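Participant: Dropping the structure in here first, questions after.
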Amino acid sequence: MKNNAYKTHIKSTIYFLSLLIPLIGQTLQSVTDEKTGDPMLVGIGQKTDLMMGHFGEWFNEEYDNYNGDENLINASKDLLTGIKIETYLGTWCGDSRREVPRLYKILDEIKFPINVMGLIFVNRDKKSGHGVEDGKNIHHVPTIIFYKNGEEIGRIIESPVESLEEDIFNILIGSPQLPNYYNWELEEEN
């Protein structure tokens, strides 16, 4: 009997930790956008941070109204092994407000495991406050980076070249398009 109680305790502890660990890594701040006076998220977050309050208005509307190409979405389902995604967005950016809800709708439809999607909110200087963007050439948002087994296999910058689901499919089959701004370089200040 003690052995069963111990197993139940271990299972309960593991379940609790599986809920707690994702929250520990959530380091997100709501700050005021100096340009507009609106709230802006900066840091590392998750989908639910976009679904409520000020951000939920545009997120939920775009998510609900987007209807992607079902054939391409379904074709992507079998290509997810070893895939991780990092999405850099600005809640102040119109392109992020359009593309990120659409991305989540596609990922929900292909049943992409949400725990392997990093969501990094940046300010207008493309900084998250945590340095995760350093060395990743984040200059336009959203920037959606796809990794397979730890190696970058493609990215979507600001908006898709074709459609979001077509660009995702092409990345997953190993035939990514050159993304918008792929050759963009920071201009030096005088």
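Chains: A, B, ... in order of the structure tokens. Residues: from 1 per chain. Ligands: from 1, in order shown.
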Residues at most 9 Å from segment 30-40 of chain A, counting only C-alpha atoms, excluding those fewer than 4 positions away in the same chain, as a ChimeraX atom specification?
Facilitator: /A:54-55,90-92,121-124
Participant: Taking the DSSP assignment computed from this structure's backbone, write out as JSON, numbers by chain all residues of chain A that belong to strand (DSSP E or B).
Facilitator: {"A": [27, 28, 29, 30, 31, 32, 39, 40, 41, 42, 43, 44, 45, 83, 84, 85, 86, 87, 88, 89, 117, 118, 119, 120, 121, 143, 144, 145, 146, 147, 148, 151, 152, 153, 154, 155, 156, 157]}
Participant: How about saving the chosen residues, C-alpha atoms kept, as an mmCIF file, in the first residue's frame?
Facilitator:
data_model
loop_
_atom_site.group_PDB
_atom_site.id
_atom_site.type_symbol
_atom_site.label_atom_id
_atom_site.label_comp_id
_atom_site.auth_asym_id
_atom_site.auth_seq_id
_atom_site.Cartn_x
_atom_site.Cartn_y
_atom_site.Cartn_z
ATOM 1 C CA THR A 27 9.599 37.046 -17.456
ATOM 2 C CA LEU A 28 7.319 39.562 -19.073
ATOM 3 C CA GLN A 29 6.688 43.237 -18.421
ATOM 4 C CA SER A 30 3.951 45.544 -19.587
ATOM 5 C CA VAL A 31 5.438 48.964 -20.281
ATOM 6 C CA THR A 32 4.125 52.082 -21.966
ATOM 7 C CA PRO A 39 0.719 49.226 -23.327
ATOM 8 C CA MET A 40 3.531 47.159 -24.816
ATOM 9 C CA LEU A 41 4.803 43.752 -23.701
ATOM 10 C CA VAL A 42 8.555 43.199 -23.396
ATOM 11 C CA GLY A 43 10.216 39.948 -22.363
ATOM 12 C CA ILE A 44 9.507 36.247 -22.653
ATOM 13 C CA GLY A 45 5.892 35.179 -22.650
ATOM 14 C CA ILE A 83 10.918 21.221 -34.892
ATOM 15 C CA LYS A 84 11.120 24.159 -32.498
ATOM 16 C CA ILE A 85 10.011 27.713 -33.220
ATOM 17 C CA GLU A 86 11.085 31.084 -31.836
ATOM 18 C CA THR A 87 8.814 34.018 -32.572
ATOM 19 C CA TYR A 88 9.989 37.581 -31.986
ATOM 20 C CA LEU A 89 7.187 40.129 -32.054
ATOM 21 C CA MET A 117 7.322 27.605 -29.258
ATOM 22 C CA GLY A 118 9.350 30.439 -27.773
ATOM 23 C CA LEU A 119 7.519 33.772 -27.737
ATOM 24 C CA ILE A 120 9.787 36.783 -27.268
ATOM 25 C CA PHE A 121 8.266 40.250 -27.027
ATOM 26 C CA THR A 143 10.586 37.198 -37.059
ATOM 27 C CA ILE A 144 9.642 33.539 -36.856
ATOM 28 C CA ILE A 145 12.622 31.185 -36.755
ATOM 29 C CA PHE A 146 12.256 27.435 -37.344
ATOM 30 C CA TYR A 147 14.801 24.989 -35.946
ATOM 31 C CA LYS A 148 15.169 21.277 -36.583
ATOM 32 C CA GLU A 151 19.751 24.021 -36.391
ATOM 33 C CA GLU A 152 17.941 26.922 -38.052
ATOM 34 C CA ILE A 153 16.127 25.679 -41.160
ATOM 35 C CA GLY A 154 14.289 28.847 -42.148
ATOM 36 C CA ARG A 155 12.611 32.027 -41.045
ATOM 37 C CA ILE A 156 9.757 34.314 -41.891
ATOM 38 C CA ILE A 157 10.542 38.011 -41.486
#
Participant: Determine which residues of segment 13-125 of chain A receive a DSSP assignment of helix (DSSP H, G or I), computed from the backbone, and state them as an MDAnalysis selection string.
Facilitator: chainID A and resid 13:24 47:50 53:65 70:79 94:109 114:116
Participant: Expressed in Å to a single decimal, how great is the separation between atom CA of Val100 of chain A and atom CA of Asn65 of chain A?
Facilitator: 13.0 Å
Participant: Can you work out the spacing between atom CA of Glu57 of chain A and atom CA of Pro101 of chain A in Å, to one decimal?
Facilitator: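 Separation of atom CA of Glu57 of chain A and atom CA of Pro101 of chain A: 11.2 Å.
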Participant: Mind running segment 45-141 of chain A against segment 172-186 of chain A at 10 Å and telling me each contacting residue's nearest atom pair with the distance in Å (one decimal), counting only C-alpha atoms, chain and number ascending, as a tab-separated table?
Facilitator:
residue	atom	partner	partner_atom	distance
A:Ala75	CA	A:Leu172	CA	10.0
A:Ser76	CA	A:Leu172	CA	7.2
A:Lys77	CA	A:Leu172	CA	9.8
A:Asp78	CA	A:Leu172	CA	9.6
A:Leu79	CA	A:Leu172	CA	6.1
A:Leu80	CA	A:Leu172	CA	7.5
A:Thr81	CA	A:Leu172	CA	9.7
A:Ile83	CA	A:Leu172	CA	8.4
A:Asn137	CA	A:Glu185	CA	9.1
A:His139	CA	A:Leu186	CA	8.1
A:His140	CA	A:Tyr181	CA	8.0
Participant: Those residues with C-alpha atoms, as a compact mmCIF listing (two decimals), in the first residue's frame please?
Facilitator:
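Final output, out.txt:
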# COMPACT_ATOMS: atom_id res chain seq x y z
CA ALA A 75 0.38 18.50 -45.15
CA SER A 76 2.54 20.13 -42.45
CA LYS A 77 1.27 17.87 -39.65
CA ASP A 78 3.64 15.00 -40.42
CA LEU A 79 6.71 17.25 -40.68
CA LEU A 80 6.97 18.43 -37.07
CA THR A 81 9.44 15.92 -35.64
CA ILE A 83 10.92 21.22 -34.89
CA ASN A 137 19.72 39.22 -36.55
CA HIS A 139 15.67 43.63 -37.30
CA HIS A 140 12.02 43.40 -38.40
